[in-house]
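**Q** Got a structure here, written out as C-alpha cells. Questions coming.
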Amino acid sequence: MKFDFDDLKKLKQETPAEPDYGPNEVVTAIVRVCEAGYVPEGVHVRSRIDGEMFTAEFTAGRLKGLRADKKVTAVEVNRRLEKIE
Amino acid sequence: MIPAIQSLTSRDVPVREDLDPRLQRLVMRQRHGVRKNPTSSTMADEVAVIAKVNSAAEWEALSEVKTGAVMPREEGADFDIVTGRIPISRVEAVRAQPFVQSLKAARRLRPSLDATVPEIGADQLPAGGAAGGGKGAIVGIVDFGGDFAHRNFRKNDGTTRMLAIWDQNGSVSVGSPFGFGRVFRTAEINAALATADPYGTLGYAPSTNPQGDHGTHVMDIAAGNGNGSGQRGVAPNADLIFVEVAATDVPFSGPQAVGKNFGDSVQLLEALQFIFNEAGARPCAINVSLGTNGGPHDGSTLVETGIDRLLAAAPNRAVCIAASNSFSDGIHAQGNVPAGGRADLIWRIGPDDVTGNELDLWYAGADRLAVELIAPDGTSVVRVEPGQTRTLTSNGQLVALVANRLDDPNNHDNNIGVFLESSLPAGDWTLRLHGVTVTNGAFHAWIERDDAGQSTFAPPNDNSMTIGSISCGRNTIVVGSYDAHKAAKPISFFSSSGPTRDGRQKPEISAPGHNVMAARSRSVTGITRMSGTSMASPAVTGTAALVLAQALAAGRSLSIGEIRDALTGTARKNPPNGLPVWDPRYGFGRISAVAAVNQAAAVPPTAAAAPLGPGRSGNGKKKGVAAGGRRGS
C-alpha cells in the first residue's frame, strides 16, 4: 500500500551500520588485489582472472576486514544483470 | 566455366519493357532454354504472380491463368488485386491484356535472418574459403535457453555441434566449473539426442515459452547452420559452447522477477572464463546479452575490467555485448552543479508503478555534493551529506535509502545511490544536488531498468550514454541495432547511444537487429521473430568468428585490438552518415562481414599488436587503421 504524503513527515531517518547481509551469509564478489597471488584470509577463490583479480566467495562478516585490508584494492559485490532483449 | 568479361556482349532484348524485371528475366531465361523448376505452388515453367486488374472476372476468364485469391475490393476502388499462376511463355500476353494494370512476379518473403546474412555480406564468403564459415573457431553464447536439439546446431548426421553446455543452474557434479552448475559435453549431448526425450535425458532444457528462448535465437544468428530452418547464421561452421547463465541469489520473487531471466556479474565473468578455458588455444568469439542501466559508465567496474583482462590475456579472443535497448526510455540525465549552487533532477514515478525504483548518480571525485530528496508534494524527506548514508523507515520497514559514497575504489569518483521502495507515493520526485565543494560540477545519473514499471527522468530527456552497465569496457565490442529490412537501414528506435561517461566511443558497430527471424527453441526446425540489440550483437560475434577462422587458416594470431580494428575499420558508413566519423548509435558504422574478413586476411603474419589493457584508451581515442588493419602506433 502506498503512503500518503502526510506519512512522509513521519518517516524515521537512520544511518545504517552495514549493508543488510547476515554475518554468515555467503557473498560472491569480484576482488582486485594489489599483490599478485594474494588471497585474503577467509576468502575462497572461485575463478582467477589473473594474478590480481579473481571471483570469490566469503561470508558477509569478512566485508569489513576486506575493506580494511591494504592489499585489497576493490571488492565489487555481485550485481544482478538482466537479459537485454 | 566462367566467361571472360571481354567476351560478354550487351544488346536490347525483345521483351516488353513495361514488364516486371523479374518476369522479364524469367521470360528471357526461358527463351535461352533455361527451364524453371516446379515449386510447392507452381508447375515447371510456371510463375506465381500478383496483379492489379480492372476486373477480377476478366482475370479469371483468361485461360492462361490458374486463379488464386481475389483480395476484397476497397470501398471506392476501381480495381482488384488478384493472384494466380501463369505459364512463363504466356506472361507477356497476359500483361498485354487491357484490363491488366500491373503484373508482378511473386517475391520470396525471406525470413529476417536471411536478411541479416546477406546484408552484412556473410554469404559472400565462400564456405570453402579461408574463413570457412567460421570453421576452426568457437562461438560462445552466454544467455538463457540454448536448444541443443534444434537442427541448426547439429551436423548433417544429426550429431551436435556443441562442445559443451554449462548450465549454471544445474546441480553440482564432479567437474563443475568453479564449484557450481553442471557441464554437459559433446558425448553426453549426442547420447541425449539419440533418445526420444533429449531434454529429459540430458537434464537440461530450454523453457516452454511458446515464443522460444532468447539464447537459441541468439546462437542461431551467430552460428546456426540452417540444417533445420533452412537459413544459416553468420558462422555456420563454428563449434559452439553455451552457458546458461544464472544469478547467485535466485530465486527472485515479486513482480520484478516474474517471467524474467537474470544473470549476475560474478557468474558472467565465470561464464566467460569457462568458455575461454574450454576453447584453450582455439580462437573464440563470445556473445553476451546482459546488462542493466546503472553503473559508472566508464569501464571501471570490476566486471568490465575483468572482461578486459580476459581479452588481453591471450590472442584470438573477442567478446561482443548488446548495446542495450534503452535509448528512448528516459533513463539518463546529466547536468552541472555550480559552486555554492544547486541542480535539480526530476524523477518521475508513474501511478501504476508497483515496484521499487533505483537511481545511480556519479560525479567527480574532487567535488562534494549533498543530495536532498524532495517528495512530489514538496516535502523534503532527507538530505544526505557527502560520505553519509541515510535510510528512511516507517514502523521498522525500510522505505528509502540514500547513499552518498565518496572515492569509489575503481575510478575515485563519487557515487550517489537512491533506492525508493514501492510504498512511496507516485509523482515527480526531486533529487536536489547542493554544491558543497565544487571544482568540476558535472554529474550523470541513470535510472535502473525496471520492466514492471520503468520510472524516468522528466522530459526533455538526454538519451546519450544509454548503453548498458557492462558495455563500457575497453576491449569489448558493443553492438547497436538497425533495421535491415528498410532501404535506409535506419537505426532501431530502441538502440542505445554512447559515448561512455569518460567520452570513449561505444558502441563500436551496428548490425541488423530489427525483426530478426531465427531459431525457435523446442521446435527442432522452426524460427521465431525477435528484435533488439541482442539480435544485432550475435551478427558481430559470428563475424568475429569468421575473422578469427580466416586468421587461423593463415596461421596468424589476432589481438583483440586487431579484431576490433578489422570489424570497425571496415564498417560501412552510409548510413550512418557517410562520414569517416563515429556515430553515437551506429558506432563506426554497419558491420561488413566480407570486408572484415578480407582485412583480417591482409594482416601480416608477424602482426601481433598489443591488446588494449585496462587504463589504455580503446576506440574512444581511436588511432588510425593502417593498411592491413593494424592499429596505428
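For the C-alpha cells, the naming scheme is as follows: chains receive sequential letters (A, B, ...) according to their order of presentation, residues are indexed from 1 within each chain, and ligands are indexed from 1 in presentation order.
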Based on the backbone DSSP call, show me all residues of region 340-564 of chain B assigned helix (DSSP H, G or I), as a PyMOL selection string.

**A** chain B and resi 533-553+560-564

**Q** Determine, counting only C-alpha atoms, which protein, DNA and RNA residues have an atom within 8 Å of an atom of Val77 (chain A); residues of the same chain fewer than 3 positions away are not included. Present the result as an mmCIF file with C-alpha atoms, in the first residue's frame.

**A**
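As a result, out.cif now contains:
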data_model
loop_
_atom_site.group_PDB
_atom_site.id
_atom_site.type_symbol
_atom_site.label_atom_id
_atom_site.label_comp_id
_atom_site.auth_asym_id
_atom_site.auth_seq_id
_atom_site.Cartn_x
_atom_site.Cartn_y
_atom_site.Cartn_z
ATOM 1 C CA VAL A 27 28.631 -13.176 -0.524
ATOM 2 C CA THR A 28 30.021 -13.603 -4.027
ATOM 3 C CA ALA A 29 32.143 -10.821 -5.401
ATOM 4 C CA ILE A 30 34.877 -9.787 -7.779
#

**Q** Could you please tell me, as a PDB file with N, CA, C and O atoms, in the first residue's frame, which residues of chain A have an atom within 9 Å of chain B when using only C-alpha atoms?

**A**
ATOM      1  N   MET A   1       0.838  -1.184   0.000  1.00  0.00           N
ATOM      2  CA  MET A   1       0.000   0.000   0.000  1.00  0.00           C
ATOM      3  C   MET A   1       0.886   1.252   0.000  1.00  0.00           C
ATOM      4  O   MET A   1       1.897   1.310   0.688  1.00  0.00           O
ATOM      5  N   LYS A   2       0.476   2.225  -0.774  1.00  0.00           N
ATOM      6  CA  LYS A   2       1.253   3.461  -0.865  1.00  0.00           C
ATOM      7  C   LYS A   2       1.029   4.357   0.357  1.00  0.00           C
ATOM      8  O   LYS A   2      -0.066   4.419   0.895  1.00  0.00           O
ATOM      9  N   PHE A   3       2.100   5.057   0.732  1.00  0.00           N
ATOM     10  CA  PHE A   3       1.985   6.068   1.765  1.00  0.00           C
ATOM     11  C   PHE A   3       1.214   7.272   1.233  1.00  0.00           C
ATOM     12  O   PHE A   3       1.255   7.583   0.039  1.00  0.00           O
ATOM     13  N   ASP A   4       0.543   7.970   2.163  1.00  0.00           N
ATOM     14  CA  ASP A   4       0.057   9.305   1.837  1.00  0.00           C
ATOM     15  C   ASP A   4       1.228  10.278   2.013  1.00  0.00           C
ATOM     16  O   ASP A   4       2.190   9.973   2.726  1.00  0.00           O
ATOM     17  N   PHE A   5       1.100  11.432   1.410  1.00  0.00           N
ATOM     18  CA  PHE A   5       2.177  12.414   1.567  1.00  0.00           C
ATOM     19  C   PHE A   5       2.359  12.805   3.041  1.00  0.00           C
ATOM     20  O   PHE A   5       3.459  13.081   3.490  1.00  0.00           O
ATOM     21  N   ASP A   7       2.244  10.918   5.494  1.00  0.00           N
ATOM     22  CA  ASP A   7       3.071   9.899   6.149  1.00  0.00           C
ATOM     23  C   ASP A   7       4.561  10.196   5.999  1.00  0.00           C
ATOM     24  O   ASP A   7       5.375   9.736   6.811  1.00  0.00           O
ATOM     25  N   LEU A   8       4.908  10.924   4.936  1.00  0.00           N
ATOM     26  CA  LEU A   8       6.335  11.169   4.681  1.00  0.00           C
ATOM     27  C   LEU A   8       6.984  11.943   5.824  1.00  0.00           C
ATOM     28  O   LEU A   8       8.176  11.798   6.084  1.00  0.00           O
ATOM     29  N   LYS A   9       6.170  12.763   6.486  1.00  0.00           N
ATOM     30  CA  LYS A   9       6.727  13.576   7.577  1.00  0.00           C
ATOM     31  C   LYS A   9       7.045  12.726   8.808  1.00  0.00           C
ATOM     32  O   LYS A   9       7.735  13.165   9.715  1.00  0.00           O
ATOM     33  N   LYS A  10       6.489  11.508   8.830  1.00  0.00           N
ATOM     34  CA  LYS A  10       6.699  10.646  10.000  1.00  0.00           C
ATOM     35  C   LYS A  10       7.824   9.634   9.782  1.00  0.00           C
ATOM     36  O   LYS A  10       8.080   8.807  10.650  1.00  0.00           O
ATOM     37  N   LEU A  11       8.446   9.684   8.628  1.00  0.00           N
ATOM     38  CA  LEU A  11       9.495   8.697   8.354  1.00  0.00           C
ATOM     39  C   LEU A  11      10.675   8.913   9.277  1.00  0.00           C
ATOM     40  O   LEU A  11      11.044  10.048   9.601  1.00  0.00           O
ATOM     41  N   LYS A  12      11.263   7.813   9.683  1.00  0.00           N
ATOM     42  CA  LYS A  12      12.401   7.867  10.598  1.00  0.00           C
ATOM     43  C   LYS A  12      13.692   7.799   9.797  1.00  0.00           C
ATOM     44  O   LYS A  12      13.846   6.919   8.928  1.00  0.00           O
ATOM     45  N   GLN A  13      14.605   8.721  10.114  1.00  0.00           N
ATOM     46  CA  GLN A  13      15.900   8.712   9.434  1.00  0.00           C
ATOM     47  C   GLN A  13      16.938   7.988  10.275  1.00  0.00           C
ATOM     48  O   GLN A  13      17.026   8.204  11.473  1.00  0.00           O
ATOM     49  N   GLU A  14      17.728   7.157   9.629  1.00  0.00           N
ATOM     50  CA  GLU A  14      18.782   6.432  10.339  1.00  0.00           C
ATOM     51  C   GLU A  14      20.025   6.360   9.460  1.00  0.00           C
ATOM     52  O   GLU A  14      19.942   6.478   8.231  1.00  0.00           O
ATOM     53  N   THR A  15      21.130   6.145  10.105  1.00  0.00           N
ATOM     54  CA  THR A  15      22.364   5.848   9.370  1.00  0.00           C
ATOM     55  C   THR A  15      22.672   4.375   9.563  1.00  0.00           C
ATOM     56  O   THR A  15      22.980   3.965  10.674  1.00  0.00           O
ATOM     57  N   PRO A  16      22.531   3.591   8.528  1.00  0.00           N
ATOM     58  CA  PRO A  16      22.758   2.158   8.695  1.00  0.00           C
ATOM     59  C   PRO A  16      24.234   1.860   8.933  1.00  0.00           C
ATOM     60  O   PRO A  16      25.113   2.533   8.390  1.00  0.00           O
ATOM     61  N   THR A  28      29.117 -13.406  -2.894  1.00  0.00           N
ATOM     62  CA  THR A  28      30.021 -13.603  -4.027  1.00  0.00           C
ATOM     63  C   THR A  28      30.422 -12.234  -4.552  1.00  0.00           C
ATOM     64  O   THR A  28      29.630 -11.285  -4.511  1.00  0.00           O
ATOM     65  N   ALA A  29      31.621 -12.135  -5.019  1.00  0.00           N
ATOM     66  CA  ALA A  29      32.143 -10.821  -5.401  1.00  0.00           C
ATOM     67  C   ALA A  29      33.319 -10.972  -6.359  1.00  0.00           C
ATOM     68  O   ALA A  29      33.880 -12.068  -6.511  1.00  0.00           O
ATOM     69  N   ILE A  30      33.638  -9.879  -7.006  1.00  0.00           N
ATOM     70  CA  ILE A  30      34.877  -9.787  -7.779  1.00  0.00           C
ATOM     71  C   ILE A  30      35.859  -8.995  -6.918  1.00  0.00           C
ATOM     72  O   ILE A  30      35.503  -7.939  -6.380  1.00  0.00           O
ATOM     73  N   VAL A  31      37.046  -9.523  -6.779  1.00  0.00           N
ATOM     74  CA  VAL A  31      38.029  -8.907  -5.881  1.00  0.00           C
ATOM     75  C   VAL A  31      39.281  -8.561  -6.676  1.00  0.00           C
ATOM     76  O   VAL A  31      39.748  -9.361  -7.506  1.00  0.00           O
ATOM     77  N   ARG A  32      39.792  -7.379  -6.413  1.00  0.00           N
ATOM     78  CA  ARG A  32      41.079  -6.979  -7.019  1.00  0.00           C
ATOM     79  C   ARG A  32      42.059  -6.699  -5.887  1.00  0.00           C
ATOM     80  O   ARG A  32      41.721  -5.998  -4.928  1.00  0.00           O
ATOM     81  N   VAL A  45      38.616 -18.436  -3.394  1.00  0.00           N
ATOM     82  CA  VAL A  45      38.710 -18.025  -4.803  1.00  0.00           C
ATOM     83  C   VAL A  45      37.921 -19.009  -5.658  1.00  0.00           C
ATOM     84  O   VAL A  45      38.124 -20.217  -5.580  1.00  0.00           O
ATOM     85  N   ARG A  46      37.011 -18.489  -6.455  1.00  0.00           N
ATOM     86  CA  ARG A  46      36.224 -19.359  -7.351  1.00  0.00           C
ATOM     87  C   ARG A  46      36.863 -19.439  -8.728  1.00  0.00           C
ATOM     88  O   ARG A  46      37.025 -20.510  -9.285  1.00  0.00           O
ATOM     89  N   SER A  47      37.191 -18.325  -9.302  1.00  0.00           N
ATOM     90  CA  SER A  47      37.879 -18.353 -10.595  1.00  0.00           C
ATOM     91  C   SER A  47      38.893 -17.219 -10.617  1.00  0.00           C
ATOM     92  O   SER A  47      38.650 -16.146 -10.049  1.00  0.00           O
ATOM     93  N   ARG A  48      39.998 -17.474 -11.247  1.00  0.00           N
ATOM     94  CA  ARG A  48      41.058 -16.478 -11.258  1.00  0.00           C
ATOM     95  C   ARG A  48      41.118 -15.833 -12.640  1.00  0.00           C
ATOM     96  O   ARG A  48      41.279 -16.511 -13.650  1.00  0.00           O
ATOM     97  N   ILE A  49      40.928 -14.526 -12.661  1.00  0.00           N
ATOM     98  CA  ILE A  49      41.010 -13.795 -13.933  1.00  0.00           C
ATOM     99  C   ILE A  49      42.477 -13.585 -14.270  1.00  0.00           C
ATOM    100  O   ILE A  49      42.916 -13.829 -15.387  1.00  0.00           O
ATOM    101  N   ASP A  50      43.223 -13.116 -13.328  1.00  0.00           N
ATOM    102  CA  ASP A  50      44.681 -13.031 -13.457  1.00  0.00           C
ATOM    103  C   ASP A  50      45.241 -12.939 -12.039  1.00  0.00           C
ATOM    104  O   ASP A  50      44.513 -13.158 -11.053  1.00  0.00           O
ATOM    105  N   MET A  53      43.247 -10.352  -9.904  1.00  0.00           N
ATOM    106  CA  MET A  53      41.779 -10.277  -9.914  1.00  0.00           C
ATOM    107  C   MET A  53      41.186 -11.673  -9.909  1.00  0.00           C
ATOM    108  O   MET A  53      41.655 -12.555 -10.629  1.00  0.00           O
ATOM    109  N   PHE A  54      40.156 -11.860  -9.111  1.00  0.00           N
ATOM    110  CA  PHE A  54      39.502 -13.158  -9.051  1.00  0.00           C
ATOM    111  C   PHE A  54      38.060 -12.988  -8.602  1.00  0.00           C
ATOM    112  O   PHE A  54      37.688 -11.948  -8.037  1.00  0.00           O
ATOM    113  N   THR A  55      37.254 -14.024  -8.885  1.00  0.00           N
ATOM    114  CA  THR A  55      35.921 -14.072  -8.298  1.00  0.00           C
ATOM    115  C   THR A  55      36.018 -14.897  -7.021  1.00  0.00           C
ATOM    116  O   THR A  55      36.867 -15.795  -6.918  1.00  0.00           O
ATOM    117  N   ALA A  56      35.164 -14.583  -6.058  1.00  0.00           N
ATOM    118  CA  ALA A  56      35.364 -15.177  -4.735  1.00  0.00           C
ATOM    119  C   ALA A  56      34.064 -15.313  -3.965  1.00  0.00           C
ATOM    120  O   ALA A  56      33.053 -14.669  -4.287  1.00  0.00           O
ATOM    121  N   THR A  73      42.447  -3.965  -3.246  1.00  0.00           N
ATOM    122  CA  THR A  73      42.198  -2.690  -3.917  1.00  0.00           C
ATOM    123  C   THR A  73      40.702  -2.408  -4.029  1.00  0.00           C
ATOM    124  O   THR A  73      40.258  -1.280  -3.845  1.00  0.00           O
ATOM    125  N   ALA A  74      39.931  -3.440  -4.373  1.00  0.00           N
ATOM    126  CA  ALA A  74      38.497  -3.225  -4.567  1.00  0.00           C
ATOM    127  C   ALA A  74      37.753  -4.537  -4.403  1.00  0.00           C
ATOM    128  O   ALA A  74      38.257  -5.602  -4.766  1.00  0.00           O
ATOM    129  N   VAL A  75      36.568  -4.428  -3.844  1.00  0.00           N
ATOM    130  CA  VAL A  75      35.647  -5.568  -3.756  1.00  0.00           C
ATOM    131  C   VAL A  75      34.337  -5.125  -4.391  1.00  0.00           C
ATOM    132  O   VAL A  75      33.741  -4.128  -3.962  1.00  0.00           O
ATOM    133  N   GLU A  76      33.941  -5.834  -5.420  1.00  0.00           N
ATOM    134  CA  GLU A  76      32.674  -5.498  -6.077  1.00  0.00           C
ATOM    135  C   GLU A  76      31.713  -6.645  -5.827  1.00  0.00           C
ATOM    136  O   GLU A  76      31.818  -7.711  -6.446  1.00  0.00           O
ATOM    137  N   VAL A  77      30.806  -6.416  -4.911  1.00  0.00           N
ATOM    138  CA  VAL A  77      29.837  -7.461  -4.576  1.00  0.00           C
ATOM    139  C   VAL A  77      28.960  -7.719  -5.789  1.00  0.00           C
ATOM    140  O   VAL A  77      28.633  -6.805  -6.563  1.00  0.00           O
ATOM    141  N   ASN A  78      28.631  -8.992  -5.947  1.00  0.00           N
ATOM    142  CA  ASN A  78      27.842  -9.447  -7.081  1.00  0.00           C
ATOM    143  C   ASN A  78      26.678  -8.520  -7.391  1.00  0.00           C
ATOM    144  O   ASN A  78      25.953  -8.106  -6.487  1.00  0.00           O
ATOM    145  N   ARG A  79      26.505  -8.239  -8.652  1.00  0.00           N
ATOM    146  CA  ARG A  79      25.432  -7.345  -9.063  1.00  0.00           C
ATOM    147  C   ARG A  79      24.548  -8.072 -10.064  1.00  0.00           C
ATOM    148  O   ARG A  79      25.038  -8.714 -10.986  1.00  0.00           O
ATOM    149  N   ARG A  80      23.264  -7.952  -9.868  1.00  0.00           N
ATOM    150  CA  ARG A  80      22.334  -8.621 -10.767  1.00  0.00           C
ATOM    151  C   ARG A  80      22.381  -7.983 -12.157  1.00  0.00           C
ATOM    152  O   ARG A  80      22.426  -6.761 -12.284  1.00  0.00           O
ATOM    153  N   LEU A  81      22.359  -8.812 -13.165  1.00  0.00           N
ATOM    154  CA  LEU A  81      22.320  -8.334 -14.547  1.00  0.00           C
ATOM    155  C   LEU A  81      21.065  -8.887 -15.206  1.00  0.00           C
ATOM    156  O   LEU A  81      20.742 -10.058 -15.040  1.00  0.00           O
ATOM    157  N   GLU A  82      20.408  -8.063 -15.977  1.00  0.00           N
ATOM    158  CA  GLU A  82      19.187  -8.510 -16.643  1.00  0.00           C
ATOM    159  C   GLU A  82      19.476  -8.831 -18.100  1.00  0.00           C
ATOM    160  O   GLU A  82      20.404  -8.299 -18.702  1.00  0.00           O
ATOM    161  N   LYS A  83      18.638  -9.676 -18.624  1.00  0.00           N
ATOM    162  CA  LYS A  83      18.758 -10.006 -20.047  1.00  0.00           C
ATOM    163  C   LYS A  83      18.409  -8.782 -20.883  1.00  0.00           C
ATOM    164  O   LYS A  83      17.391  -8.138 -20.656  1.00  0.00           O
ATOM    165  N   ILE A  84      19.277  -8.452 -21.821  1.00  0.00           N
ATOM    166  CA  ILE A  84      18.954  -7.415 -22.797  1.00  0.00           C
ATOM    167  C   ILE A  84      18.195  -8.106 -23.915  1.00  0.00           C
ATOM    168  O   ILE A  84      18.694  -9.057 -24.509  1.00  0.00           O
ATOM    169  N   GLU A  85      16.970  -7.667 -24.183  1.00  0.00           N
ATOM    170  CA  GLU A  85      16.169  -8.341 -25.219  1.00  0.00           C
ATOM    171  C   GLU A  85      16.770  -8.111 -26.584  1.00  0.00           C
ATOM    172  O   GLU A  85      17.406  -7.126 -26.833  1.00  0.00           O
TER     173      GLU A  85
END

**Q** Quick one: residues within 10 Å of Ser63 (chain B), only C-alpha atoms, excluding same-chain residues fewer than 3 positions away - as a list in words?

**A**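 Once the nearby chain positions are removed, what remains is Trp59, Glu60, Lys66, Thr67, Ile86 and Val94 of chain B.
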
**Q** Convert the current residue selection to file output with N, CA, C and O atoms, as a compact mmCIF listing (two decimals), in the first residue's frame.

**A**
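out.txt was written with the following content:
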# COMPACT_ATOMS: atom_id res chain seq x y z
N TRP B 59 -10.00 -11.43 -65.36
CA TRP B 59 -8.75 -12.13 -65.00
C TRP B 59 -9.01 -13.63 -64.90
O TRP B 59 -8.27 -14.44 -65.48
N GLU B 60 -10.05 -14.00 -64.20
CA GLU B 60 -10.34 -15.41 -64.02
C GLU B 60 -10.73 -16.08 -65.33
O GLU B 60 -10.57 -17.29 -65.49
N LYS B 66 -4.19 -19.76 -63.85
CA LYS B 66 -4.72 -20.63 -62.78
C LYS B 66 -5.01 -19.69 -61.62
O LYS B 66 -4.07 -19.16 -61.01
N THR B 67 -6.27 -19.43 -61.38
CA THR B 67 -6.61 -18.36 -60.46
C THR B 67 -6.25 -18.71 -59.02
O THR B 67 -6.29 -19.87 -58.62
N ILE B 86 0.72 -18.46 -63.88
CA ILE B 86 0.61 -18.45 -65.35
C ILE B 86 1.88 -19.03 -65.94
O ILE B 86 2.96 -18.93 -65.37
N VAL B 94 -0.40 -12.10 -71.13
CA VAL B 94 -1.30 -11.71 -70.05
C VAL B 94 -1.10 -10.23 -69.69
O VAL B 94 -2.06 -9.48 -69.51

**Q** Could you work out how far CA of Lys486 (chain B) lies from CA of Gly589 (chain B), giving the answer in Å with one decimal?

**A** 16.3 Å

**Q** Can you list, as a ChimeraX atom specification, every residue of chain A that DSSP puts in strand (DSSP E)?

**A** /A:12-14,26-33,44-50,53-59,72-77,80-83

**Q** Excluding same-chain residues fewer than 3 positions from Gln231 (chain B), what lies within 12 Å of it counting only C-alpha atoms, as a ChimeraX atom specification?

**A** /B:110-118,123,151-153,220-228,234-236,516-519,525-527

**Q** Identify which of the residues B:Thr430, B:Gln101, B:Asn237, B:Asn336 lies closest to Leu373 (chain B), counting only C-alpha atoms when measuring atom-to-atom distances.

**A** B:Thr430

**Q** Give me the residues within 12 Å of Arg62 (chain A) as an mmCIF file with N, CA, C and O atoms, in the first residue's frame, counting only C-alpha atoms and dropping any in the same chain fewer than 3 places off.

**A**
data_model
loop_
_atom_site.group_PDB
_atom_site.id
_atom_site.type_symbol
_atom_site.label_atom_id
_atom_site.label_comp_id
_atom_site.auth_asym_id
_atom_site.auth_seq_id
_atom_site.Cartn_x
_atom_site.Cartn_y
_atom_site.Cartn_z
ATOM 1 N N GLU A 18 25.874 -1.181 8.349
ATOM 2 C CA GLU A 18 26.459 -2.023 7.301
ATOM 3 C C GLU A 18 25.359 -2.425 6.319
ATOM 4 O O GLU A 18 24.171 -2.327 6.642
ATOM 5 N N TYR A 21 23.362 -7.613 5.018
ATOM 6 C CA TYR A 21 23.717 -9.025 4.942
ATOM 7 C C TYR A 21 23.765 -9.587 6.356
ATOM 8 O O TYR A 21 24.213 -8.914 7.285
ATOM 9 N N GLY A 22 23.349 -10.840 6.504
ATOM 10 C CA GLY A 22 23.599 -11.522 7.760
ATOM 11 C C GLY A 22 25.082 -11.845 7.834
ATOM 12 O O GLY A 22 25.727 -12.048 6.790
ATOM 13 N N PRO A 23 25.681 -11.885 9.031
ATOM 14 C CA PRO A 23 27.141 -12.066 9.130
ATOM 15 C C PRO A 23 27.635 -13.387 8.530
ATOM 16 O O PRO A 23 28.768 -13.465 8.075
ATOM 17 N N ASN A 24 26.765 -14.388 8.507
ATOM 18 C CA ASN A 24 27.184 -15.678 7.957
ATOM 19 C C ASN A 24 26.678 -15.903 6.535
ATOM 20 O O ASN A 24 26.864 -16.977 5.971
ATOM 21 N N GLU A 25 26.034 -14.885 6.012
ATOM 22 C CA GLU A 25 25.548 -15.007 4.643
ATOM 23 C C GLU A 25 26.738 -15.049 3.691
ATOM 24 O O GLU A 25 27.705 -14.282 3.845
ATOM 25 N N VAL A 26 26.671 -15.946 2.716
ATOM 26 C CA VAL A 26 27.768 -16.042 1.762
ATOM 27 C C VAL A 26 27.592 -14.991 0.681
ATOM 28 O O VAL A 26 26.521 -14.864 0.073
ATOM 29 N N VAL A 27 28.632 -14.241 0.480
ATOM 30 C CA VAL A 27 28.631 -13.176 -0.524
ATOM 31 C C VAL A 27 29.549 -13.608 -1.661
ATOM 32 O O VAL A 27 30.635 -14.147 -1.423
ATOM 33 N N THR A 28 29.117 -13.406 -2.894
ATOM 34 C CA THR A 28 30.021 -13.603 -4.027
ATOM 35 C C THR A 28 30.422 -12.234 -4.552
ATOM 36 O O THR A 28 29.630 -11.285 -4.511
ATOM 37 N N ALA A 29 31.621 -12.135 -5.019
ATOM 38 C CA ALA A 29 32.143 -10.821 -5.401
ATOM 39 C C ALA A 29 33.319 -10.972 -6.359
ATOM 40 O O ALA A 29 33.880 -12.068 -6.511
ATOM 41 N N PRO A 40 43.114 -12.900 0.503
ATOM 42 C CA PRO A 40 42.843 -12.562 1.902
ATOM 43 C C PRO A 40 42.308 -13.776 2.666
ATOM 44 O O PRO A 40 41.643 -14.639 2.087
ATOM 45 N N GLU A 41 42.571 -13.785 3.936
ATOM 46 C CA GLU A 41 42.101 -14.879 4.786
ATOM 47 C C GLU A 41 40.573 -14.927 4.765
ATOM 48 O O GLU A 41 39.887 -13.897 4.793
ATOM 49 N N GLY A 42 40.043 -16.130 4.731
ATOM 50 C CA GLY A 42 38.595 -16.311 4.765
ATOM 51 C C GLY A 42 37.925 -16.135 3.426
ATOM 52 O O GLY A 42 36.693 -16.166 3.330
ATOM 53 N N VAL A 43 38.714 -15.934 2.404
ATOM 54 C CA VAL A 43 38.162 -15.729 1.063
ATOM 55 C C VAL A 43 38.443 -16.967 0.212
ATOM 56 O O VAL A 43 39.587 -17.422 0.122
ATOM 57 N N HIS A 44 37.390 -17.498 -0.376
ATOM 58 C CA HIS A 44 37.542 -18.651 -1.255
ATOM 59 C C HIS A 44 37.528 -18.183 -2.705
ATOM 60 O O HIS A 44 36.556 -17.572 -3.173
ATOM 61 N N ALA A 56 35.164 -14.583 -6.058
ATOM 62 C CA ALA A 56 35.364 -15.177 -4.735
ATOM 63 C C ALA A 56 34.064 -15.313 -3.965
ATOM 64 O O ALA A 56 33.053 -14.669 -4.287
ATOM 65 N N GLU A 57 34.116 -16.172 -2.983
ATOM 66 C CA GLU A 57 33.038 -16.307 -2.004
ATOM 67 C C GLU A 57 33.623 -16.052 -0.623
ATOM 68 O O GLU A 57 34.753 -16.471 -0.332
ATOM 69 N N PHE A 58 32.837 -15.422 0.220
ATOM 70 C CA PHE A 58 33.229 -15.248 1.622
ATOM 71 C C PHE A 58 31.975 -14.895 2.401
ATOM 72 O O PHE A 58 30.946 -14.515 1.815
ATOM 73 N N THR A 59 32.052 -15.032 3.686
ATOM 74 C CA THR A 59 30.888 -14.663 4.494
ATOM 75 C C THR A 59 30.846 -13.149 4.641
ATOM 76 O O THR A 59 31.887 -12.472 4.629
ATOM 77 N N GLY A 65 36.582 -6.534 7.073
ATOM 78 C CA GLY A 65 38.012 -6.831 7.073
ATOM 79 C C GLY A 65 38.638 -6.625 5.701
ATOM 80 O O GLY A 65 39.777 -6.146 5.580
ATOM 81 N N LEU A 66 37.886 -6.973 4.689
ATOM 82 C CA LEU A 66 38.413 -6.800 3.330
ATOM 83 C C LEU A 66 38.583 -5.324 3.015
ATOM 84 O O LEU A 66 39.545 -4.920 2.356
ATOM 85 N N ARG A 67 37.649 -4.518 3.464
ATOM 86 C CA ARG A 67 37.757 -3.078 3.204
ATOM 87 C C ARG A 67 38.981 -2.495 3.903
ATOM 88 O O ARG A 67 39.593 -1.549 3.417
ATOM 89 N N ALA A 68 39.298 -3.067 5.016
ATOM 90 C CA ALA A 68 40.437 -2.544 5.786
ATOM 91 C C ALA A 68 41.774 -3.130 5.311
ATOM 92 O O ALA A 68 42.836 -2.622 5.689
ATOM 93 N N ASP A 69 41.717 -4.166 4.520
ATOM 94 C CA ASP A 69 42.928 -4.847 4.058
ATOM 95 C C ASP A 69 43.623 -3.991 3.001
ATOM 96 O O ASP A 69 43.076 -3.750 1.917
ATOM 97 N N VAL A 75 36.568 -4.428 -3.844
ATOM 98 C CA VAL A 75 35.647 -5.568 -3.756
ATOM 99 C C VAL A 75 34.337 -5.125 -4.391
ATOM 100 O O VAL A 75 33.741 -4.128 -3.962
#
